Amino acid sequence: MGFLESTAREVLEFTTEAVFSERYARAEGLLQGLDPRVKLVSLFTLVTAVVMLKSMGALLVFYTIPLALAVASGVNPLAFVKRVWLFIPLFTGVIALPSIFMIPGKELFTVPVLGWGATGEGVYWAALFTLRVATAVSYAILFTMTTRWNDVVSALSSLRVPGMVITITTLAYRYLFLLAKLLLDAMHARRARLAGDLGMVESWKEAGKHIGATFIKANALGEEVYYAMLSRGYDNEVVNQSDLHFSGADYAASAATVLLVLLAFLLERGLP
Amino acid sequence: MHIPDGYLGPYTFGFFYAVMIPIWYRAFKWLKKLRPQQVPLLGVLTAFAFLVMMYNMPVPGGTTAHIVGGTIIAVLIDPWAATVALTIVLLIQALFFGDGGITAYAANVFNMGVVLPFVGYYTYRFLNRKLGLSEVLSSGIGAYVGIVTAATVAGIELGIQPYIQPGYCPYKLSVSVPAMAIAHLVTAGPAAAVVTAAVVWYVKKSRPDLFEMRTIMKSRG
């Protein structure tokens, strides 16, 4: 497949995906109702705890938590699981698979022709590694599906991320979609005038021209955005208008996070 | 090159958060020196950096690779602009697209937002200013050296796991470094070189004034 098609597909998937994830984030549900600061800090804490887990049992417990939370937040659990596992085999599988044969231990079976022996220890390790990655990814994807972009920015802003960084982040996210559309139009226009397929190096050069043209457009846009902002009273910093406040549910969620970290610690040490 | 969660142990990802704090502070200092109209521009250019990563380049072996675009921004604007843009791009990717881990975020920013643009930029500058090579050629070689160095650094981060904290990335340096370096030497590296050179050639040809923007960005007001 030519780079024009695969890039155009990527851009389309990205834009629909982003819209799709806001669909869940706008719905009513357990996680949607929480303060984004609580969610952001809990996400970081829980993923760190998950990455530190070393036993299969503890990982299984922590894997079921985001599943339960997904159901409570109105996220289709099947769609959620699919999204998590869709890209795990691509990357983690490739890394984990050879270790089945490389880790020494009791031999389970031998691959015909190649003569590689898979060990029980190797299989256990590969399963543990894959499950740990899947669990960490589950928390991140659940956060993505149940949190709106604007809320994340408000959370970052109230967590003392400098105002200028927030301004750039806000603008970047907003103009991402416009630039993506411009890019898609340019790709379709180019494709329509192309007879046959481009060679590999030729396609790299073509991509270079597209990126160059996008850079020039981005520059023009940057200037226009500045004047548009200036005329609306921009004073070097974007004022964040959302007002976040803690509710009872947020205190409960924070306490739950602390308890889960404690649980992770207990499961690792062995329950008394 | 995006390292997911679960590949780096706590010592390693903790270390990279500690390393990135002074670098982020320095990048923020750079930001503060920008003139007001340059801030929205940097916002739009961050969106541009995000889009650059979406280009699927066919590479030898029948798959596709992405380029990072760090050298493009470093050459066209400033390496610190690339650090700021990639810090934000990688945050959006980690939080909204599950691309790159949350615990590995600082390590990913270090590889793609610091090592890549700075190595790429200084290689470009050395070739262009000291050896007198053209801007187009220097930027292409710079992008190549930048992406291969960043991939090698990522390979080292992954490869030291079995030595310091077993249970994470299972492969030792003798496997992880060649795997990352060779993949980028023969696939993403050449693509990044040609694309970056083509971008610089195109921008220089159609909007030579934008090339002067580097001096505009540097003239602090």
# chains A, B, ... in the order shown; residues from 1 in each chain; ligands from 1
>>> interface_residues(of="chain B", to="chain A", cutoff="7 Å", atoms="only C-alpha atoms", output="number ranges by chain")
B: 5-6, 36-37, 39-48, 51-52, 54-58, 88, 95-96, 98, 102-103, 191, 194-196, 198-199, 202-203
>>> residues_around(residues="Gly29 in chain A", least_positions_apart="3", cutoff="10 Å", atoms="only C-alpha atoms", output="ChimeraX atom specification")
/A:24-26,32-34,69-75,146
>>> atom_distance(atom1="CA of Leu131 in chain B", atom2="CA of Trp80 in chain B")
24.0 Å
>>> select_by_dssp(residues="range 134-212 of chain B", states="alpha helix (DSSP H)", output="number ranges by chain")
B: 135-159, 161-164, 173-183, 189-206, 208-211
>>> residues_around(residues="range 138-144 of chain B", least_positions_apart="2", cutoff="7 Å", atoms="only C-alpha atoms", output="PyMOL selection string")
chain B and resi 71+120-121+123-124+127-128+133-136+146-148+189-190+192-194+196-197
>>> write_last_selection(atoms="all heavy atoms", output="compact mmCIF listing (two decimals), in the first residue's frame")
# COMPACT_ATOMS: atom_id res chain seq x y z
N THR B 71 14.22 16.63 14.36
CA THR B 71 15.28 17.38 13.66
C THR B 71 14.68 18.45 12.75
O THR B 71 15.25 19.53 12.62
CB THR B 71 16.18 16.42 12.87
OG1 THR B 71 16.59 15.36 13.73
CG2 THR B 71 17.40 17.11 12.32
N GLY B 120 20.57 15.67 16.33
CA GLY B 120 20.28 16.00 14.93
C GLY B 120 20.70 17.42 14.59
O GLY B 120 21.35 17.67 13.57
N TYR B 121 20.35 18.35 15.49
CA TYR B 121 20.64 19.76 15.24
C TYR B 121 22.14 20.05 15.22
O TYR B 121 22.64 20.73 14.33
CB TYR B 121 19.95 20.63 16.29
CG TYR B 121 20.24 22.09 16.14
CD1 TYR B 121 19.65 22.83 15.11
CD2 TYR B 121 21.12 22.75 17.00
CE1 TYR B 121 19.92 24.18 14.95
CE2 TYR B 121 21.40 24.09 16.86
CZ TYR B 121 20.79 24.80 15.83
OH TYR B 121 21.07 26.14 15.68
N THR B 123 24.61 17.95 14.74
CA THR B 123 25.23 17.30 13.59
C THR B 123 25.03 18.18 12.35
O THR B 123 25.97 18.42 11.59
CB THR B 123 24.59 15.91 13.35
OG1 THR B 123 24.63 15.18 14.56
CG2 THR B 123 25.31 15.14 12.26
N TYR B 124 23.80 18.66 12.20
CA TYR B 124 23.47 19.54 11.08
C TYR B 124 24.34 20.80 11.10
O TYR B 124 24.91 21.19 10.09
CB TYR B 124 21.97 19.90 11.17
CG TYR B 124 21.59 21.24 10.57
CD1 TYR B 124 21.36 21.38 9.21
CD2 TYR B 124 21.45 22.35 11.40
CE1 TYR B 124 21.00 22.60 8.68
CE2 TYR B 124 21.09 23.58 10.88
CZ TYR B 124 20.87 23.71 9.51
OH TYR B 124 20.53 24.92 9.00
N LEU B 127 28.06 20.04 10.23
CA LEU B 127 28.26 19.76 8.80
C LEU B 127 28.08 21.02 7.97
O LEU B 127 28.83 21.26 7.02
CB LEU B 127 27.26 18.69 8.33
CG LEU B 127 27.42 17.30 8.95
CD1 LEU B 127 26.28 16.40 8.51
CD2 LEU B 127 28.76 16.68 8.53
N ASN B 128 27.10 21.83 8.34
CA ASN B 128 26.79 23.02 7.57
C ASN B 128 27.81 24.13 7.80
O ASN B 128 28.30 24.75 6.85
CB ASN B 128 25.37 23.49 7.93
CG ASN B 128 24.95 24.71 7.14
OD1 ASN B 128 24.61 25.75 7.71
ND2 ASN B 128 24.99 24.60 5.83
N LEU B 133 28.89 21.88 4.16
CA LEU B 133 27.89 21.14 3.36
C LEU B 133 26.62 21.99 3.26
O LEU B 133 26.37 22.86 4.07
CB LEU B 133 27.57 19.80 4.02
CG LEU B 133 28.67 18.74 4.08
CD1 LEU B 133 28.12 17.46 4.69
CD2 LEU B 133 29.23 18.45 2.70
N SER B 134 25.79 21.67 2.24
CA SER B 134 24.57 22.46 2.05
C SER B 134 23.60 22.22 3.21
O SER B 134 23.68 21.20 3.91
CB SER B 134 23.90 22.07 0.75
OG SER B 134 23.32 20.80 0.88
N GLU B 135 22.66 23.16 3.38
CA GLU B 135 21.64 23.03 4.44
C GLU B 135 20.85 21.75 4.26
O GLU B 135 20.55 21.05 5.23
CB GLU B 135 20.66 24.21 4.35
CG GLU B 135 21.29 25.56 4.50
CD GLU B 135 20.87 26.23 5.79
OE1 GLU B 135 20.47 25.52 6.72
OE2 GLU B 135 20.97 27.47 5.87
N VAL B 136 20.49 21.46 3.00
CA VAL B 136 19.63 20.31 2.71
C VAL B 136 20.34 19.00 3.10
O VAL B 136 19.79 18.18 3.83
CB VAL B 136 19.23 20.30 1.22
CG1 VAL B 136 18.47 19.02 0.85
CG2 VAL B 136 18.39 21.52 0.89
N GLY B 146 20.54 11.69 14.32
CA GLY B 146 19.65 11.94 15.46
C GLY B 146 18.76 10.75 15.78
O GLY B 146 18.69 10.29 16.92
N ILE B 147 18.09 10.22 14.76
CA ILE B 147 17.13 9.13 15.02
C ILE B 147 17.85 7.84 15.41
O ILE B 147 17.41 7.11 16.29
CB ILE B 147 16.14 8.93 13.83
CG1 ILE B 147 14.91 8.15 14.29
CG2 ILE B 147 16.77 8.23 12.64
CD1 ILE B 147 13.72 8.24 13.33
N VAL B 148 19.02 7.58 14.79
CA VAL B 148 19.76 6.36 15.13
C VAL B 148 20.31 6.47 16.56
O VAL B 148 20.23 5.50 17.33
CB VAL B 148 20.88 6.09 14.10
CG1 VAL B 148 21.76 4.93 14.56
CG2 VAL B 148 20.29 5.76 12.74
N GLY B 189 15.76 5.37 9.73
CA GLY B 189 16.85 6.34 9.55
C GLY B 189 16.89 6.92 8.14
O GLY B 189 16.80 8.15 7.97
N PRO B 190 17.02 6.08 7.10
CA PRO B 190 17.04 6.61 5.74
C PRO B 190 15.77 7.39 5.41
O PRO B 190 15.85 8.44 4.76
CB PRO B 190 17.15 5.35 4.87
CG PRO B 190 17.74 4.32 5.74
CD PRO B 190 17.30 4.63 7.13
N ALA B 192 13.89 9.07 7.52
CA ALA B 192 13.98 10.37 8.22
C ALA B 192 14.94 11.30 7.49
O ALA B 192 14.68 12.51 7.38
CB ALA B 192 14.44 10.16 9.66
N ALA B 193 16.05 10.74 6.98
CA ALA B 193 17.04 11.57 6.29
C ALA B 193 16.46 12.19 5.03
O ALA B 193 16.54 13.41 4.82
CB ALA B 193 18.27 10.72 5.95
N VAL B 194 15.81 11.36 4.21
CA VAL B 194 15.27 11.86 2.94
C VAL B 194 14.13 12.84 3.20
O VAL B 194 14.07 13.92 2.60
CB VAL B 194 14.80 10.68 2.03
CG1 VAL B 194 14.13 11.21 0.77
CG2 VAL B 194 15.99 9.79 1.67
N THR B 196 13.49 14.68 5.92
CA THR B 196 13.96 15.94 6.52
C THR B 196 14.65 16.80 5.46
O THR B 196 14.39 18.01 5.37
CB THR B 196 14.92 15.65 7.69
OG1 THR B 196 14.25 14.78 8.61
CG2 THR B 196 15.33 16.92 8.41
N ALA B 197 15.51 16.18 4.64
CA ALA B 197 16.19 16.95 3.59
C ALA B 197 15.17 17.53 2.62
O ALA B 197 15.28 18.69 2.22
CB ALA B 197 17.19 16.04 2.85
>>> residues_around(residues="Lys172 in chain B", least_positions_apart="6", cutoff="12 Å", atoms="only C-alpha atoms", output="PDB file with all heavy atoms, in the first residue's frame")
ATOM      1  N   SER A  99      11.170 -15.294  24.605  1.00  0.00           N
ATOM      2  CA  SER A  99      11.609 -15.654  25.953  1.00  0.00           C
ATOM      3  C   SER A  99      11.044 -17.013  26.383  1.00  0.00           C
ATOM      4  O   SER A  99      11.560 -17.654  27.290  1.00  0.00           O
ATOM      5  CB  SER A  99      11.216 -14.570  26.955  1.00  0.00           C
ATOM      6  OG  SER A  99       9.832 -14.435  26.960  1.00  0.00           O
TER       7      SER A  99
ATOM      8  N   GLY B 155      17.514   1.608  23.146  1.00  0.00           N
ATOM      9  CA  GLY B 155      18.005   0.223  23.237  1.00  0.00           C
ATOM     10  C   GLY B 155      18.813  -0.001  24.505  1.00  0.00           C
ATOM     11  O   GLY B 155      18.680  -1.042  25.158  1.00  0.00           O
ATOM     12  N   ILE B 156      19.605   0.997  24.880  1.00  0.00           N
ATOM     13  CA  ILE B 156      20.406   0.883  26.112  1.00  0.00           C
ATOM     14  C   ILE B 156      19.478   0.863  27.333  1.00  0.00           C
ATOM     15  O   ILE B 156      19.633   0.038  28.229  1.00  0.00           O
ATOM     16  CB  ILE B 156      21.434   2.041  26.215  1.00  0.00           C
ATOM     17  CG1 ILE B 156      22.470   1.921  25.082  1.00  0.00           C
ATOM     18  CG2 ILE B 156      22.134   2.035  27.585  1.00  0.00           C
ATOM     19  CD1 ILE B 156      23.403   3.107  24.945  1.00  0.00           C
ATOM     20  N   GLU B 157      18.484   1.771  27.331  1.00  0.00           N
ATOM     21  CA  GLU B 157      17.545   1.824  28.465  1.00  0.00           C
ATOM     22  C   GLU B 157      16.855   0.474  28.650  1.00  0.00           C
ATOM     23  O   GLU B 157      16.686  -0.010  29.774  1.00  0.00           O
ATOM     24  CB  GLU B 157      16.488   2.908  28.229  1.00  0.00           C
ATOM     25  CG  GLU B 157      17.057   4.317  28.339  1.00  0.00           C
ATOM     26  CD  GLU B 157      16.205   5.345  27.620  1.00  0.00           C
ATOM     27  OE1 GLU B 157      15.066   5.037  27.222  1.00  0.00           O
ATOM     28  OE2 GLU B 157      16.698   6.478  27.444  1.00  0.00           O
ATOM     29  N   LEU B 158      16.441  -0.135  27.533  1.00  0.00           N
ATOM     30  CA  LEU B 158      15.762  -1.430  27.618  1.00  0.00           C
ATOM     31  C   LEU B 158      16.752  -2.531  28.003  1.00  0.00           C
ATOM     32  O   LEU B 158      16.446  -3.402  28.812  1.00  0.00           O
ATOM     33  CB  LEU B 158      15.104  -1.767  26.272  1.00  0.00           C
ATOM     34  CG  LEU B 158      13.936  -0.870  25.867  1.00  0.00           C
ATOM     35  CD1 LEU B 158      13.579  -1.088  24.402  1.00  0.00           C
ATOM     36  CD2 LEU B 158      12.721  -1.128  26.734  1.00  0.00           C
ATOM     37  N   GLY B 159      17.959  -2.460  27.429  1.00  0.00           N
ATOM     38  CA  GLY B 159      18.941  -3.523  27.616  1.00  0.00           C
ATOM     39  C   GLY B 159      19.563  -3.589  28.998  1.00  0.00           C
ATOM     40  O   GLY B 159      20.088  -4.634  29.394  1.00  0.00           O
ATOM     41  N   ILE B 160      19.498  -2.488  29.760  1.00  0.00           N
ATOM     42  CA  ILE B 160      20.097  -2.540  31.106  1.00  0.00           C
ATOM     43  C   ILE B 160      19.127  -3.134  32.124  1.00  0.00           C
ATOM     44  O   ILE B 160      19.523  -3.437  33.249  1.00  0.00           O
ATOM     45  CB  ILE B 160      20.592  -1.151  31.600  1.00  0.00           C
ATOM     46  CG1 ILE B 160      19.455  -0.134  31.561  1.00  0.00           C
ATOM     47  CG2 ILE B 160      21.800  -0.675  30.781  1.00  0.00           C
ATOM     48  CD1 ILE B 160      19.798   1.198  32.201  1.00  0.00           C
ATOM     49  N   GLN B 161      17.856  -3.350  31.722  1.00  0.00           N
ATOM     50  CA  GLN B 161      16.868  -3.878  32.674  1.00  0.00           C
ATOM     51  C   GLN B 161      17.268  -5.217  33.304  1.00  0.00           C
ATOM     52  O   GLN B 161      17.179  -5.365  34.517  1.00  0.00           O
ATOM     53  CB  GLN B 161      15.475  -3.975  32.035  1.00  0.00           C
ATOM     54  CG  GLN B 161      14.902  -2.647  31.577  1.00  0.00           C
ATOM     55  CD  GLN B 161      14.976  -1.569  32.625  1.00  0.00           C
ATOM     56  OE1 GLN B 161      14.581  -1.772  33.769  1.00  0.00           O
ATOM     57  NE2 GLN B 161      15.524  -0.424  32.268  1.00  0.00           N
ATOM     58  N   PRO B 162      17.710  -6.220  32.497  1.00  0.00           N
ATOM     59  CA  PRO B 162      18.062  -7.504  33.128  1.00  0.00           C
ATOM     60  C   PRO B 162      19.188  -7.374  34.151  1.00  0.00           C
ATOM     61  O   PRO B 162      19.278  -8.184  35.076  1.00  0.00           O
ATOM     62  CB  PRO B 162      18.519  -8.364  31.950  1.00  0.00           C
ATOM     63  CG  PRO B 162      17.960  -7.721  30.749  1.00  0.00           C
ATOM     64  CD  PRO B 162      17.858  -6.262  31.044  1.00  0.00           C
ATOM     65  N   TYR B 163      20.041  -6.355  34.019  1.00  0.00           N
ATOM     66  CA  TYR B 163      21.161  -6.199  34.946  1.00  0.00           C
ATOM     67  C   TYR B 163      20.722  -5.536  36.243  1.00  0.00           C
ATOM     68  O   TYR B 163      21.195  -5.871  37.312  1.00  0.00           O
ATOM     69  CB  TYR B 163      22.277  -5.355  34.319  1.00  0.00           C
ATOM     70  CG  TYR B 163      22.795  -5.915  33.007  1.00  0.00           C
ATOM     71  CD1 TYR B 163      22.335  -5.418  31.796  1.00  0.00           C
ATOM     72  CD2 TYR B 163      23.744  -6.935  32.991  1.00  0.00           C
ATOM     73  CE1 TYR B 163      22.803  -5.925  30.592  1.00  0.00           C
ATOM     74  CE2 TYR B 163      24.212  -7.456  31.797  1.00  0.00           C
ATOM     75  CZ  TYR B 163      23.735  -6.946  30.588  1.00  0.00           C
ATOM     76  OH  TYR B 163      24.187  -7.454  29.411  1.00  0.00           O
ATOM     77  N   ILE B 164      19.825  -4.538  36.134  1.00  0.00           N
ATOM     78  CA  ILE B 164      19.482  -3.810  37.353  1.00  0.00           C
ATOM     79  C   ILE B 164      18.182  -4.264  38.005  1.00  0.00           C
ATOM     80  O   ILE B 164      18.079  -4.286  39.218  1.00  0.00           O
ATOM     81  CB  ILE B 164      19.481  -2.278  37.144  1.00  0.00           C
ATOM     82  CG1 ILE B 164      18.644  -1.895  35.918  1.00  0.00           C
ATOM     83  CG2 ILE B 164      20.891  -1.730  37.002  1.00  0.00           C
ATOM     84  CD1 ILE B 164      18.465  -0.403  35.783  1.00  0.00           C
ATOM     85  N   GLN B 165      17.173  -4.602  37.203  1.00  0.00           N
ATOM     86  CA  GLN B 165      15.898  -5.034  37.797  1.00  0.00           C
ATOM     87  C   GLN B 165      15.262  -6.097  36.921  1.00  0.00           C
ATOM     88  O   GLN B 165      14.461  -5.775  36.037  1.00  0.00           O
ATOM     89  CB  GLN B 165      14.950  -3.843  37.919  1.00  0.00           C
ATOM     90  CG  GLN B 165      14.970  -3.181  39.271  1.00  0.00           C
ATOM     91  CD  GLN B 165      14.002  -2.029  39.310  1.00  0.00           C
ATOM     92  OE1 GLN B 165      13.959  -1.188  38.418  1.00  0.00           O
ATOM     93  NE2 GLN B 165      13.206  -1.985  40.358  1.00  0.00           N
ATOM     94  N   PRO B 166      15.617  -7.352  37.104  1.00  0.00           N
ATOM     95  CA  PRO B 166      15.039  -8.394  36.249  1.00  0.00           C
ATOM     96  C   PRO B 166      13.513  -8.410  36.365  1.00  0.00           C
ATOM     97  O   PRO B 166      12.968  -8.026  37.390  1.00  0.00           O
ATOM     98  CB  PRO B 166      15.646  -9.688  36.794  1.00  0.00           C
ATOM     99  CG  PRO B 166      16.810  -9.272  37.617  1.00  0.00           C
ATOM    100  CD  PRO B 166      16.513  -7.903  38.128  1.00  0.00           C
ATOM    101  N   PRO B 178      21.621  -3.726  19.369  1.00  0.00           N
ATOM    102  CA  PRO B 178      21.635  -3.980  17.921  1.00  0.00           C
ATOM    103  C   PRO B 178      20.226  -3.985  17.322  1.00  0.00           C
ATOM    104  O   PRO B 178      20.021  -3.458  16.223  1.00  0.00           O
ATOM    105  CB  PRO B 178      22.269  -5.371  17.796  1.00  0.00           C
ATOM    106  CG  PRO B 178      23.006  -5.580  19.061  1.00  0.00           C
ATOM    107  CD  PRO B 178      22.288  -4.808  20.113  1.00  0.00           C
ATOM    108  N   ALA B 179      19.247  -4.553  18.050  1.00  0.00           N
ATOM    109  CA  ALA B 179      17.885  -4.618  17.506  1.00  0.00           C
ATOM    110  C   ALA B 179      17.358  -3.218  17.213  1.00  0.00           C
ATOM    111  O   ALA B 179      16.831  -2.957  16.126  1.00  0.00           O
ATOM    112  CB  ALA B 179      16.964  -5.341  18.474  1.00  0.00           C
TER     113      ALA B 179
END
>>> atom_distance(atom1="CA of Tyr122 in chain B", atom2="CA of Ala18 in chain B")
24.5 Å
>>> select_by_dssp(residues="chain B", states="strand (DSSP E or B)", output="mmCIF file with N, CA, C and O atoms, in the first residue's frame")
data_model
loop_
_atom_site.group_PDB
_atom_site.id
_atom_site.type_symbol
_atom_site.label_atom_id
_atom_site.label_comp_id
_atom_site.auth_asym_id
_atom_site.auth_seq_id
_atom_site.Cartn_x
_atom_site.Cartn_y
_atom_site.Cartn_z
ATOM 1 N N MET B 57 5.703 5.770 6.453
ATOM 2 C CA MET B 57 6.682 5.648 5.384
ATOM 3 C C MET B 57 6.924 4.174 5.095
ATOM 4 O O MET B 57 7.203 3.410 6.013
ATOM 5 N N PRO B 58 6.813 3.759 3.812
ATOM 6 C CA PRO B 58 7.169 2.375 3.526
ATOM 7 C C PRO B 58 8.672 2.206 3.704
ATOM 8 O O PRO B 58 9.445 3.082 3.304
ATOM 9 N N THR B 64 5.940 -0.394 7.619
ATOM 10 C CA THR B 64 6.033 1.060 7.549
ATOM 11 C C THR B 64 6.695 1.571 8.822
ATOM 12 O O THR B 64 6.697 0.897 9.842
ATOM 13 N N ALA B 65 7.265 2.763 8.739
ATOM 14 C CA ALA B 65 7.883 3.362 9.922
ATOM 15 C C ALA B 65 7.434 4.813 10.020
ATOM 16 O O ALA B 65 7.016 5.416 9.037
#
>>> residues_around(residues="Ala106 in chain B", least_positions_apart="6", cutoff="12 Å", atoms="only C-alpha atoms", output="NGL selection string")
:B and (2-5 or 8 or 12-24 or 83 or 86-88 or 90-91 or 94 or 100 or 112-114 or 154)
>>> atom_distance(atom1="CA of Leu86 in chain A", atom2="CA of Val61 in chain A")
21.2 Å
>>> residues_around(residues="Tyr124 in chain A", least_positions_apart="5", cutoff="9 Å", atoms="only C-alpha atoms", output="list of chain:residue names")
A:Met56, A:Ile100, A:Thr119, A:Phe129
